[in-house]
Amino acid sequence: MRTLLTVFLKELVDNLRDRRTLASALIMGPIFGPVLFAFIINLSIERSLDDAETTMDLPVIGQAYAPNLVRYLESRNIDIVAGPADAAAAAAAIKTGLHDVILVIPEAFGEQLGNAIPAKIELYSDSANTQGEKEARRARRALNSYNRQLASIRLSARGINPLILRPINIDDIDMSTPSGRSAMLLGMMTYFFIFAMLMGGMYLAIDTTAGERERGSLEPLLSLPVTRTQLILGKITATCVFMAFSLLLSLLSFYVVLRFMPLEQLGMTPNFDLRVVVAAFWLLAPFILLGASLMTLVASFTKSYKEAQTWLSVVLLAPTLPILIVSILTLRPQLEFMFIPSLSQHLILVDMIKNEPLNGLHVAISVVSTLTIGALLTWVCARLYRRESLLG
Amino acid sequence: MIRVDRLHKSFGAVRALRGVSFDAPDGRITGLLGPNGAGKSTTLRILYTVFKPDEGSASIDGADVVTDSLVARQRLGALPHGSGLYPHLSARENVAYYARLCGLDSGVVDDHVDSIIKLLEIEDFADRRTKGFSQGQRTKVSLARALVHDPQNIILDEPSNGLDVMATRSLRELILKLKDAGRCVLFSSHVMQEVAALCDDICIIVDGQVAINDSVDGIRERTGCDDLEDAFVAAIKLVGDD
């Protein structure tokens with residue numbers, strides 16, 4: 001126990017004096033997440049605002065053939081501008097990204113409309129371009145409502161109630177709460193927390209094997225009258241403390257950032273007060289041991305500091321995988337998921353942010369299974385630390 | 001007292017040691033001599049317990065290096081080849097870390113550290129962080145670290161590598177001081193003058209085997225060469241003729 005404490009304290013002092021470790025533990029992890037998050041939120045606020053309130057430009061070819069339609073579109077906050085010369089030029093302009101959407105009105109439009117034949121118009125867009133597709137959708141919506149308006153007028157003119165075309169009236173009732181809507185966007189916070197946590201311990205984990213070896217300090221260390229298990233446990237403990245510190249910092253920095261974010265504009269009120277910060281810390285804490293032992297394990301197989309860094313950046317991404325898969329498939333929290341580290345923390349944290357009651361069993365399984373896997377990996381690390389080939 | 005008995009060690013197809021035996025008694029300096037790749041470092045690594053022998057045994061003051069390795073290590077101070085320090089810790093902190101790991105009571109750690117720093121004459125840079133130390137300074141701190149718990153047996157793997165004349169001189173004086181204090185000193189080298197100037201006994205290893213193991217005079221006598229370097233070459237030829 002005394003040996004473990006000696007190793008732990010030495011690692012603490014050593015790494016607190018190392019600028020690289022400090023930068024990754026205090027700055028990279030905890031600050032990078034919130035800054036990126038603030039950037040993304042601001043971007044989506046800007047995007048959601050420009051929908052209704054801003055005017056959009058719509059290049060139209062053949063404006064002269066449909067003066068009423070043009071007037072209607074202008075009334076919908078769509079500025080009509082002169083388009084390219086012809087349909088071929090329009091297609092080219094979309095392809096090159098010069099315009100996002102172009103409306104082409106053929107010469108026959110007026111005549112077809114007058115004869116009550118479906119009048120053909122063409123809307124050019126590129127559905128692979130998300131920003132462009134948004135504009136195209138808006139143009140399409142405006143055109144559809146013009147279409148319905150004309151149809152109603154025609155029916156009225158023939159003495160038929162236009163409502164006959166609407167046998168069903170669909171009313172969308174969105175049951176999501178503001179906290180719930182927050183959870184979708186704030187769900188990625190889990191990953192930032194885990195990322196910050198792992199960054200905090202990365203250099204310590206590398207130092208335990210590859211670092212000590214490269215410096216030439218491993219061999220004299222192993223010739224001391226202490227067991228290797230004591231050495232590695234002391235080192236993993238120090239790694240865990242740095243990771244816990246980074247995790248706490250990143251939780252707090254998110255707490256501060258969220259105060260200053262205009263999230264109400266997105267219809268979100270995330271439940272992320274100090275009480276949740278504390279709860280989230282304890283929820284994520286079991287992952288610290290798992291992360292520390294996993295990074296130590298991966299680093300112990302590498303030949304050099306550089307190689308260890310390369311491999312550990314892959315480890316940094318590993319916790320995203322389960323979160324990503326579940327997000328894409330939009331799966332609801334299930335009991336089985338609670339056995340998967342990072343995913344279980346993610347699902348429970350999202351529930352916390354949504355302000356939904358926590359499932360005690362889920363939390364218990366998440367904590368126990370994550371701790372068990374962490375302990376198992378630590379044991380494997382200790383076994384590997386006894387190998388002769390550790391010296392490289 | 002270090003005892004080495006018929007050590008065998010292979011790394012894959014390479015047979016590094018093929019039955020190495022020798023004794024290094026207390027109060028004497030034993031030199032392990034041999035060309036590069038002869039098996040000197042492998043032997044020493046088995047002695048300070050980071051490698052395990054495939055066959056044979058070795059003991060430090062009677063403690064077997066495999067079955068009783070913690071006791072063996074407690075009786076031992078080792079300076080592995082190319083020892084590195086922790087660059088963010090001062091020389092004193094580096095030494096104190098080892099003192100604590102060797103189990104010295106926290107009350108006596110400072111005293112031990114102070115006296116070893118004095119003995120090795122590193123007071124001038126003891127409180128500086130070791131980043132940027134010269135090779136000589138690094139070796140001195142590594143030595144202080146290895147000796148801080150007053151081990152009876154001292155193993156040094158090529159300690160004079162990269163040292164200038166003055167540093168080599170003070171290293172030599174230190175080794176003699178340890179011998180006078182009744183310690184068992186075992187060191188490896190391929191520098192002939194160093195071995196000739198210091199050692200009481202010499203064990204020449206060639207190709208993982210002991211070519212000759214005797215006192216300095218004994219070696220001169222047996223090879224018929226007055227000059228130790230000629231004796232060394234003669235000893236290597238001895239193995240080659242087998």
# chains A, B, ... in the order shown; residues from 1 in each chain; ligands from 1
>>> residues_around(residues="segment 123-132 of chain A", least_positions_apart="3", cutoff="6 Å", atoms="only C-alpha atoms", output="list in words")
Asp100, Val101, Ile102, Leu103 and Glu135 of chain A
>>> write_last_selection(atoms="C-alpha atoms", output="PDB file, in the first residue's frame")
ATOM      1  CA  ASP A 100     -28.871  25.955 -55.110  1.00  0.00           C
ATOM      2  CA  VAL A 101     -32.264  25.892 -56.782  1.00  0.00           C
ATOM      3  CA  ILE A 102     -33.649  27.216 -60.091  1.00  0.00           C
ATOM      4  CA  LEU A 103     -37.247  27.394 -61.294  1.00  0.00           C
ATOM      5  CA  GLU A 135     -33.970  26.110 -50.178  1.00  0.00           C
TER       6      GLU A 135
END
>>> closest_atom_pairs(of="chain A", to="chain B", cutoff="6 Å", atoms="only C-alpha atoms", output="JSON lines")
{"residue": "A:Thr3", "atom": "CA", "partner": "B:Leu101", "partner_atom": "CA", "distance": 5.9}
{"residue": "A:Asp14", "atom": "CA", "partner": "B:His88", "partner_atom": "CA", "distance": 5.6}
{"residue": "A:Arg215", "atom": "CA", "partner": "B:Gly84", "partner_atom": "CA", "distance": 5.3}
{"residue": "A:Gly216", "atom": "CA", "partner": "B:Gly84", "partner_atom": "CA", "distance": 4.2}
{"residue": "A:Ser217", "atom": "CA", "partner": "B:Gly84", "partner_atom": "CA", "distance": 4.4}
{"residue": "A:Ser223", "atom": "CA", "partner": "B:Tyr48", "partner_atom": "CA", "distance": 5.5}
{"residue": "A:Leu224", "atom": "CA", "partner": "B:Arg73", "partner_atom": "CA", "distance": 5.8}
{"residue": "A:Pro225", "atom": "CA", "partner": "B:Arg73", "partner_atom": "CA", "distance": 4.8}
{"residue": "A:Glu388", "atom": "CA", "partner": "B:Phe51", "partner_atom": "CA", "distance": 6.0}
>>> atom_distance(atom1="atom CA of Gln334 of chain A", atom2="atom CA of Leu252 of chain A")
29.0 Å
>>> atom_distance(atom1="atom CA of Val81 of chain A", atom2="atom CA of Ala119 of chain A")
21.7 Å
>>> closest_residue(among="B:Leu147, B:Met192, B:Asp105, B:Cys184", to="Asp230 of chain B", atoms="only C-alpha atoms")
B:Met192
>>> closest_residue(among="A:Gly234, A:Gly211, A:Pro84, A:Gly33", to="Met1 of chain A", atoms="only C-alpha atoms")
A:Gly234
>>> residues_around(residues="Val210 of chain B", least_positions_apart="4", cutoff="6 Å", atoms="only C-alpha atoms", output="JSON, numbers by chain")
{"B": [20, 204, 205]}
